[in-house]
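Beneath this line is the structure, given in structure tokens, with notes to follow.
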Protein chains: 6
Amino acid sequence: MSKYHVVTFGETMLRLSPKNNKTLEQADEFEVLCAGSESNVAVALSRLGLRSCWFSRLVNNPVGRRITNMIRAHGVDVSQVRWTDEGRNGVAFMELGAPPRSTEVVYDRAGSAASRLDPESVDWSVLKKAKHLHVTGITVALSPSCAECVTTAIARAKEDRLTISFDVNYRQKLWPPGRASEVLEPLMKEADVLFMTSDDAEDLFAIKGSAEKMVEAAAARFGTKWTVLTLGGEGAIVRAEGKTLKEAGHTVQEIDRIGAGDAFVGGFLYGYFKDDPDKALKYGLAMSALKMTTPGDLSFATLSQVLALAAGDNKSVKR
Amino acid sequence: MSKYHVVTFGETMLRLSPKNNKTLEQADEFEVLCAGSESNVAVALSRLGLRSCWFSRLVNNPVGRRITNMIRAHGVDVSQVRWTDEGRNGVAFMELGAPPRSTEVVYDRAGSAASRLDPESVDWSVLKKAKHLHVTGITVALSPSCAECVTTAIARAKEDRLTISFDVNYRQKLWPPGRASEVLEPLMKEADVLFMTSDDAEDLFAIKGSAEKMVEAAAARFGTKWTVLTLGGEGAIVRAEGKTLKEAGHTVQEIDRIGAGDAFVGGFLYGYFKDDPDKALKYGLAMSALKMTTPGDLSFATLSQVLALAAGDNKSVKR
Amino acid sequence: MSKYHVVTFGETMLRLSPKNNKTLEQADEFEVLCAGSESNVAVALSRLGLRSCWFSRLVNNPVGRRITNMIRAHGVDVSQVRWTDEGRNGVAFMELGAPPRSTEVVYDRAGSAASRLDPESVDWSVLKKAKHLHVTGITVALSPSCAECVTTAIARAKEDRLTISFDVNYRQKLWPPGRASEVLEPLMKEADVLFMTSDDAEDLFAIKGSAEKMVEAAAARFGTKWTVLTLGGEGAIVRAEGKTLKEAGHTVQEIDRIGAGDAFVGGFLYGYFKDDPDKALKYGLAMSALKMTTPGDLSFATLSQVLALAAGDNKSVKR
Amino acid sequence: MSKYHVVTFGETMLRLSPKNNKTLEQADEFEVLCAGSESNVAVALSRLGLRSCWFSRLVNNPVGRRITNMIRAHGVDVSQVRWTDEGRNGVAFMELGAPPRSTEVVYDRAGSAASRLDPESVDWSVLKKAKHLHVTGITVALSPSCAECVTTAIARAKEDRLTISFDVNYRQKLWPPGRASEVLEPLMKEADVLFMTSDDAEDLFAIKGSAEKMVEAAAARFGTKWTVLTLGGEGAIVRAEGKTLKEAGHTVQEIDRIGAGDAFVGGFLYGYFKDDPDKALKYGLAMSALKMTTPGDLSFATLSQVLALAAGDNKSVKR
Amino acid sequence: MSKYHVVTFGETMLRLSPKNNKTLEQADEFEVLCAGSESNVAVALSRLGLRSCWFSRLVNNPVGRRITNMIRAHGVDVSQVRWTDEGRNGVAFMELGAPPRSTEVVYDRAGSAASRLDPESVDWSVLKKAKHLHVTGITVALSPSCAECVTTAIARAKEDRLTISFDVNYRQKLWPPGRASEVLEPLMKEADVLFMTSDDAEDLFAIKGSAEKMVEAAAARFGTKWTVLTLGGEGAIVRAEGKTLKEAGHTVQEIDRIGAGDAFVGGFLYGYFKDDPDKALKYGLAMSALKMTTPGDLSFATLSQVLALAAGDNKSVKR
Amino acid sequence: MSKYHVVTFGETMLRLSPKNNKTLEQADEFEVLCAGSESNVAVALSRLGLRSCWFSRLVNNPVGRRITNMIRAHGVDVSQVRWTDEGRNGVAFMELGAPPRSTEVVYDRAGSAASRLDPESVDWSVLKKAKHLHVTGITVALSPSCAECVTTAIARAKEDRLTISFDVNYRQKLWPPGRASEVLEPLMKEADVLFMTSDDAEDLFAIKGSAEKMVEAAAARFGTKWTVLTLGGEGAIVRAEGKTLKEAGHTVQEIDRIGAGDAFVGGFLYGYFKDDPDKALKYGLAMSALKMTTPGDLSFATLSQVLALAAGDNKSVKR
């Protein structure tokens, strides 16, 4: 048995959010949360019963320890975090909107310790203990040394015969679409499972048309074994080994949508490891829907909730 | 003048609930509330201006006193509570869902002081000071001695010429439907007013069809003078002395649906005591709707709010 | 350059509101906010970059200072506030409803220091430093001396060649509609910009029919250069120099609707000062919509949010 | 058995207090509490197991109901409250100091409904159901009609053979010491038990010297059977039927001192009813000390805590 | 290298505590914490950089997961927790006193899942991966099967050549002193390090006199290599291999004393593993003092804080 | 009349602090405050009735606006703030200790917008509208361009005949003492009023001995007209025009000591402007003591509180 099902890495910031629909300018208190696409996925996987390992580079101060504790609380292995005494940890001030007011994020991550993660400082032997590597486009965008980490990780994973998933996760506040598509494309082609929003497919790669057309075009272009497009409120679609499956999303009373995409990835990978694209979609969408009903980036769903919702049970009160 | 309009009894637990849509596993704080179908009804009646008396068996510690204080704050007479120094008070950890996440209750009531209430320890002369007895199926399910209390109460009430209402209130976490229907049916037949959800009517007694058909079938089967079916979002229907009346529910922004059924019972009984089935339905539905807009099991509606809403006034701002 | 774009005055109360949908009777804590139509407008204007001055009469105690601080925080000039050591500051206990429960306000403002503002105590030379005066019907209703202040202000503003806006803002808890219409009509006729809800137009002045008909009738009756009717969820309509423009409102997840009308006035005046009725409507509706998505009377919107929403950008997440 | 041990009446205000040592000007939230010397005593007595009845005059709005609920929660009979639809309920904004910053109260009680309580509107037959009447000097100071209520209550109590306690409770914000002493002296002479701080004894009645001298002088001057002086941090002293007893106070970590004097009165009366001056002092001081360790005016102590502390048990942790 | 420095086990309850010095009966919210002597020690050790493993038996519901997450957040290995679907998790309602009001705990642990831990269900091979076993007298008191677990653990640890520490931790709410001393004595004699309060030494084993006399008597009686007495505010004393060392405690502003003894054990063991009785005492007292300055049972101190405080650095502000 | 009494400038950070004595690593919520020595002084002065102007360089995002609003709320003129769209605003994570746990600050200010304030971007004509300039050693330490701003400001102030105060405010996290003393000394010599802690006097300038000796030595060395040493709990001492005055501090229940030094400066300058060294000391110490009793950097004291406390009135309750 491998020590880990999944290894992942990337920056996790302290997330500070007002409560009760207040704006950042207005709130007298901020909730202390954490925000990082890869640690969100690691937590999601751990909650579903898989062994996941996440790491980043963090300053050893209360902020850095707090971030780590929040992730470790869910059972994620954080022993590979690179600790430093210098620099600062990234912070994301996040204000949840209510329509038509948008959710706004004031990123304060420039020059963070995480952005200085470099391939030499990582103990890549951790991959030998895992079955699967998960990486995202955010890390590629953070800094040249972070991008090198992704390249190195993918190369090592290939050597060590891990499967690989890649989530495009385009962030316009980090880089322009033209640059992103150019840099990401070769990395995406290395993945066994590729995740992308349909918006990113269109904005970065000019892939257009019906969901079915788009997922087929993406699968063809990137040559990934499983290619997944998330469709916002419309659900998700996967092209897996020549077949296309589409599934509608759940009707959701949205409390906090941040992290829903990562919860989807966690749920989907759970199904992917069972080699069942239908279940992968259903678990992904259930995880995503459940995440949206709770505050914070992290999923608090349990496997039994996910299985029940994926199977169509959504009774409003259980007693 | 009787000292009490209504006497009722049954377990009331300490209810602990996260705020702001958090899950039980996630929340750093729980709100301290109380949860008990019968005390909910007693509070609802007291707020509408009727004199109600509720009792249970409670441990004389801060938890037990807290429960009692919360009920007494609304004017309910709690002088008949049986206090003990031994054992524990029931607790309900309650997490409010947001669709598609369901509301979940972790009941921690096994072996509670209330479940050891027995007919010998009660001063049944309290019924002589009242006009009406209200009991529910939950108490019947709690324990043999609790069930005996219900039987005793009904028998005494008959002797003392009180009218009786019975709310089926089926709880699948307490007993299976087959056992429930068998035990409850004879007790239901003793009631002047019978309350049931349409789901319970179907699941326990295989009563099916349109609301009208169902309420007629129920009235026929149980022989109750007034037979009431609540229809979830569809409103409620009553069969009263040979006539059937149906009323649609209000459109509600649901904040906390727990206790809405009990608030309905409180409002309905207010109309029942005026011998007006139409008003009973309207008051019940207004109470139920208003309850759903505030957190906690207990109604904070006032008679004037109920009369206004029942009369169709639902202006969004009053100033 | 004038020192102020806009001068306004009127009572601002301490607003105390429960959180989390609780009722006033239920809440263990009240949020400390402030409530005053004119200061709401002054804050809205200041946030959009205009120089506004608001004053009232307040007791120099922590409550009075708190009210002033909250308004001054947004850059409004409060140097003209008349301070007194005697009396009390008005308080508004405000409970936000959830349908069908209405939002309720327990006004506790009778005999407040503000209601004793009188024309002799004001330094009217402040108007000479401004371009525009904004007043509302609430102040007229508060007391004879307050009404005199409005009359005096309008007369002085005319002399000093300021433009004038008047918001009818009828409050049934302060005076009956017949009395209001009689007293307000001559004042309304002095305004360059007149704001009214369509409900007030009908209830006070028997102006009926389609929005277009109503705004034309109002423009004709009061002879105001710009006449604005707000239409609740339907948006708003303006009759400006012979032309009628109507604009639909935004779809809003309502968090707190109190102050939305004042935010509209602030946004509209911003467009009025640019002499653009179309933009005035759009800015007003954007400000109003954004206000409804945050708690408290005061707007926390920024000019860039308003411009974006007015231009149709309402992306749900920005990152 | 009498229905009530003690009847009392007087104004109870909504008390609004910042948390966490904030000032009123600074706090974003106020805790909702209640403040009234007589209801504080009624609650203290009820918690010790005595039947107490308190009334005032209140506006029937959420503020008035809230005040009543908080008192009723502790088992005090509030059925004699005079409800009105007009006017306002008194409010006390209370900021807890930390040395050298003093605790400050912004009273907002002028013209309150309670200050309009008059003897005609009260059903004095309530006294016939009681053994003891408790009144305070605050009520005498509130308004002529309130003062008349005190005079009437004392006269009726004498007729109905109740014993009477009187707490001087001088408030400099309500009246000057010369006026207070003149008006209060004849009323104090009617009491069986007289409570006064040593400061009030000196400031109002020029009684000076050692505690022993002072209590003897007071007993002689007012002719009361039991005469009690509270001595701040020094404890309390009683002159009862010719004997003087003094008791030191407890060392206290003060959380909120407001209401400590009323808790003392409650505890003392509990001992007085047992005709034991020594226990009366000890229970009073224990109640007072325990009150100071919890926030809010109301005592949350239990009889067993009081008995234990009065007996010298003050272990820091019980487990 | 061993996988674990220390293995420990015992019941951890959900701890619910009011904030801001409120009583349990008074508080509207409870903070959600956890309480368990052994998990407190495991957390303390983990924070100091040692690898610790703690287990108990818990119901797999949100309460059980929450308890586990809080412990795991600090890096404690919880993989050996025995999960069950039946029964209930223990709860401790804990109210922090302020002198002279005592801290009160309402234990609600009877029949908890943890009390049903039995030696058969544990995978004792975990001990083979550790250097040291820590157990307490609480577990012995919980139930016969729990006591058997302690006996079994000690026997296995001896076989596997682990060192052993035993903390007497007498709880009068669980068993009488006579029974405790009888049952505990043989177990205590198996320990390498024995922890006891001086109160327990006297109440259970009639060991009296000066701290020096007491620790020598205890060392002689139980034959433990290192024998430690904690002396409340006076500090602590150790008899280690024939020498006695005593150290005064720090002056502390006590915020929450619960868990201070366990923090002491954690700090002491850190020094014990370095075979330095002087440092052991200093680290223990520093950990204990720091724990008392933060709310909750768990230590949030860091190794550098402990080293600094143990070395006498207690500057009030660092910036 | 000058427009401003005092102009000051320097970095103000967003201050994030746990509540209820929690550590940064532990807290689930942070209070949103602001921290900046110069803005603290500006607020203190404004609260005492003086016109103060403060500026810094801030990013125009919610964090920057929030900081500005909090300062402006107290009446400080913030019109000279230099706004930028690029970069980040400084953040200070601040955890209040309880002895022996120290107060810890995690500064996250490196590369902040404020540290890029440079003399060219400031409109120094603001000094022409003022009587007095206040600067601190913190600004000198932040960056070369910030240091240049201080030099420029002092030079311009001299030209424009403003008086100048300088607060050494040494921060070891910013620079070493040797470098600080070298750079600061020439600037200190330009001041009319010089503030220093006795610790800084010793650590930076090797000034030792009794307070009297130290202040005389400092006055001699720096040649300042008024030279002030603050002595921690011992009070403060001033050497003013050849005379030395010393005053003891108040006994304080410390809630939050951060900002107390700045409050002292504010109070002292109030007395300095009245040319009264005795009052200056008393006002400074009163302001400082009052600040320590409230949370946050900013003073919420009023002039009347300061006058009363300076005159020795510290009654514990006022009612």
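How things are named: the first chain in the structure tokens is A, the next is B, and so on; residues count from 1 in each chain; ligands count from 1 in the order shown.
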Would you return as a VMD selection string the members of region 27-190 of chain A that DSSP assigns to helix (DSSP H, G or I) on this structure's backbone? chain A and resid 37 to 47 62 to 72 114 to 116 119 to 121 124 to 129 137 to 142 144 to 159 177 to 188
Only residues of chain B matter here; which ones have an atom within 12 Å of chain F, counting only C-alpha atoms? Give them as a PDB file with C-alpha atoms, in the first residue's frame.
ATOM      1  CA  GLN B  26     -16.918  23.288  11.676  1.00  0.00           C
ATOM      2  CA  ALA B  27     -18.471  25.718  14.121  1.00  0.00           C
ATOM      3  CA  ASP B  28     -16.433  27.374  16.845  1.00  0.00           C
ATOM      4  CA  GLU B  29     -19.512  28.391  18.735  1.00  0.00           C
TER       5      GLU B  29
END
Quick one: of F:Cys146, F:Ala113, F:Leu303, F:Val91, who's nearest to Asn60 (chain F), counting only C-alpha atoms?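 Looking at the shortest contact to Asn60 (chain F), the residue is F:Ala113.
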Pick out the closest residue to Ala236 (chain A) from this set: A:Ile255, A:Ala263, A:Ala44, A:Leu281. Count only C-alpha atoms. A:Leu281
Show which residues sit within 8 Å of region 284-293 of chain B, as number ranges by chain. Count only C-alpha atoms, and ignore same-chain residues fewer than 5 positions away. B: 235-236, 249-269, 298-301, 306, 309-310; C: 21, 97-101
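When the distance limit is 7 Å and only C-alpha atoms are what count, the residues near Lys129 (chain E), minus those fewer than 5 positions from it on the same chain, are Ser2, Lys3 and Tyr4 of chain E.
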Just list as an MDAnalysis selection string whatever in region 89-253 of chain E DSSP marks as strand (DSSP E). chainID E and resid 91:95 103:108 130:136 163:167 193:197 226:230 236:240 243:247
For those residues, write N, CA and C atoms to a file as a tab-separated table (two decimals), in the first residue's frame.
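So the final result, stored in out-v6.tsv, reads:
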chain	number	residue	atom	x	y	z
E	91	VAL	N	-19.56	14.81	26.92
E	91	VAL	CA	-19.64	16.27	26.85
E	91	VAL	C	-19.32	16.83	28.22
E	92	ALA	N	-18.55	17.89	28.27
E	92	ALA	CA	-18.30	18.60	29.52
E	92	ALA	C	-18.72	20.05	29.37
E	93	PHE	N	-19.77	20.44	30.09
E	93	PHE	CA	-20.19	21.83	30.13
E	93	PHE	C	-19.32	22.50	31.19
E	94	MET	N	-18.51	23.46	30.79
E	94	MET	CA	-17.53	24.00	31.71
E	94	MET	C	-17.66	25.52	31.82
E	95	GLU	N	-17.84	25.96	33.03
E	95	GLU	CA	-18.05	27.39	33.30
E	95	GLU	C	-16.85	27.90	34.09
E	103	THR	N	-14.92	27.62	39.32
E	103	THR	CA	-15.09	27.01	38.00
E	103	THR	C	-15.88	25.72	38.19
E	104	GLU	N	-16.96	25.58	37.41
E	104	GLU	CA	-17.83	24.42	37.59
E	104	GLU	C	-17.88	23.60	36.31
E	105	VAL	N	-17.86	22.29	36.46
E	105	VAL	CA	-17.98	21.41	35.31
E	105	VAL	C	-19.20	20.52	35.47
E	106	VAL	N	-20.09	20.57	34.50
E	106	VAL	CA	-21.19	19.60	34.44
E	106	VAL	C	-20.73	18.50	33.50
E	107	TYR	N	-20.24	17.42	34.06
E	107	TYR	CA	-19.80	16.31	33.21
E	107	TYR	C	-21.02	15.57	32.69
E	108	ASP	N	-21.02	15.27	31.44
E	108	ASP	CA	-22.10	14.48	30.84
E	108	ASP	C	-21.41	13.38	30.02
E	130	ALA	N	6.71	3.01	19.71
E	130	ALA	CA	6.89	4.17	20.59
E	130	ALA	C	7.97	3.94	21.62
E	131	LYS	N	8.41	5.06	22.22
E	131	LYS	CA	9.41	4.99	23.29
E	131	LYS	C	8.80	5.09	24.68
E	132	HIS	N	7.61	5.72	24.73
E	132	HIS	CA	7.09	6.07	26.04
E	132	HIS	C	5.57	5.97	26.03
E	133	LEU	N	5.03	5.51	27.15
E	133	LEU	CA	3.57	5.43	27.33
E	133	LEU	C	3.18	6.39	28.44
E	134	HIS	N	2.11	7.16	28.18
E	134	HIS	CA	1.59	8.03	29.24
E	134	HIS	C	0.13	7.66	29.52
E	135	VAL	N	-0.17	7.42	30.79
E	135	VAL	CA	-1.56	7.09	31.18
E	135	VAL	C	-1.92	7.88	32.43
E	136	THR	N	-3.24	7.97	32.68
E	136	THR	CA	-3.69	8.73	33.86
E	136	THR	C	-4.73	7.96	34.65
E	163	THR	N	9.38	3.37	28.39
E	163	THR	CA	9.24	3.99	29.71
E	163	THR	C	7.79	4.42	29.86
E	164	ILE	N	7.40	4.66	31.12
E	164	ILE	CA	5.99	4.90	31.42
E	164	ILE	C	5.85	6.10	32.34
E	165	SER	N	4.87	6.96	32.03
E	165	SER	CA	4.53	7.99	33.01
E	165	SER	C	3.06	7.83	33.39
E	166	PHE	N	2.79	8.17	34.64
E	166	PHE	CA	1.45	8.01	35.18
E	166	PHE	C	1.08	9.28	35.93
E	167	ASP	N	-0.08	9.85	35.53
E	167	ASP	CA	-0.57	11.05	36.22
E	167	ASP	C	-1.80	10.66	37.03
E	193	VAL	N	7.91	7.70	35.62
E	193	VAL	CA	7.65	9.07	36.06
E	193	VAL	C	6.25	9.12	36.62
E	194	LEU	N	6.14	9.64	37.82
E	194	LEU	CA	4.84	9.71	38.48
E	194	LEU	C	4.50	11.17	38.75
E	195	PHE	N	3.29	11.59	38.29
E	195	PHE	CA	2.82	12.95	38.54
E	195	PHE	C	1.64	12.93	39.50
E	196	MET	N	1.65	13.84	40.42
E	196	MET	CA	0.58	13.92	41.40
E	196	MET	C	0.51	15.36	41.90
E	197	THR	N	-0.69	15.86	42.21
E	197	THR	CA	-0.75	17.14	42.92
E	197	THR	C	-0.47	16.85	44.38
E	226	TRP	N	11.42	8.85	38.79
E	226	TRP	CA	11.20	10.28	38.92
E	226	TRP	C	9.81	10.46	39.52
E	227	THR	N	9.73	11.22	40.59
E	227	THR	CA	8.45	11.43	41.25
E	227	THR	C	8.22	12.94	41.31
E	228	VAL	N	7.07	13.38	40.79
E	228	VAL	CA	6.81	14.81	40.65
E	228	VAL	C	5.57	15.19	41.42
E	229	LEU	N	5.69	16.22	42.25
E	229	LEU	CA	4.51	16.80	42.90
E	229	LEU	C	4.31	18.21	42.36
E	230	THR	N	3.08	18.48	41.92
E	230	THR	CA	2.78	19.87	41.56
E	230	THR	C	2.14	20.52	42.78
E	236	ALA	N	6.51	23.41	41.60
E	236	ALA	CA	6.54	21.94	41.52
E	236	ALA	C	7.86	21.45	42.09
E	237	ILE	N	7.87	20.18	42.42
E	237	ILE	CA	9.05	19.58	43.02
E	237	ILE	C	9.25	18.19	42.43
E	238	VAL	N	10.48	17.80	42.21
E	238	VAL	CA	10.73	16.46	41.66
E	238	VAL	C	11.80	15.76	42.52
E	239	ARG	N	11.61	14.46	42.70
E	239	ARG	CA	12.63	13.59	43.31
E	239	ARG	C	13.09	12.68	42.17
E	240	ALA	N	14.29	12.90	41.70
E	240	ALA	CA	14.77	12.14	40.55
E	240	ALA	C	16.10	11.50	40.88
E	243	LYS	N	17.85	12.73	44.01
E	243	LYS	CA	17.99	14.16	44.28
E	243	LYS	C	16.64	14.86	44.24
E	244	THR	N	16.49	15.89	45.05
E	244	THR	CA	15.24	16.64	45.06
E	244	THR	C	15.48	18.04	44.50
E	245	LEU	N	14.65	18.43	43.53
E	245	LEU	CA	14.72	19.79	42.98
E	245	LEU	C	13.35	20.44	43.09
E	246	LYS	N	13.35	21.71	43.47
E	246	LYS	CA	12.09	22.43	43.59
E	246	LYS	C	12.18	23.71	42.78
E	247	GLU	N	11.09	24.10	42.21
E	247	GLU	CA	11.09	25.31	41.37
E	247	GLU	C	9.79	26.06	41.61
Selection near region 72-74 of chain C, 8 Å with only C-alpha atoms, sequence-local residues under 2 positions removed, as a list in words: Val43, Ser46, Arg47, Thr68, Asn69, Met70, Val76, Asp77 and Val78 of chain C; Thr68, Asn69, Met70, Ile71, Arg72, Ala73, His74 and Gly75 of chain F
Tell me which protein, DNA and RNA residues are within 8 Å of Gly10 (chain E), counting only C-alpha atoms, leaving out same-chain ones fewer than 5 positions away, and put them as a list in words.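 Non-adjacent residues within range: Gly36, Ser37, Glu38, Ser39, Trp54, Phe55, Ser56, Ala114, Val135, Thr136, Ile138 and Thr139 of chain E.
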I want to know what sits within 7 Å of Ala157 (chain B), based on only C-alpha atoms, with residues of the same chain fewer than 4 positions away left out; could you give that as a PyMOL selection string? chain B and resi 127+133+153+161-162
To one decimal in Å, tell me the separation between CA of Ala308 (chain A) and CA of Leu45 (chain A). 17.1 Å
Would you compute the distance between CA of Ala201 (chain A) and CA of Ala218 (chain A)? Give it in Å to one decimal.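 Interatomic distance here is 7.7 Å.
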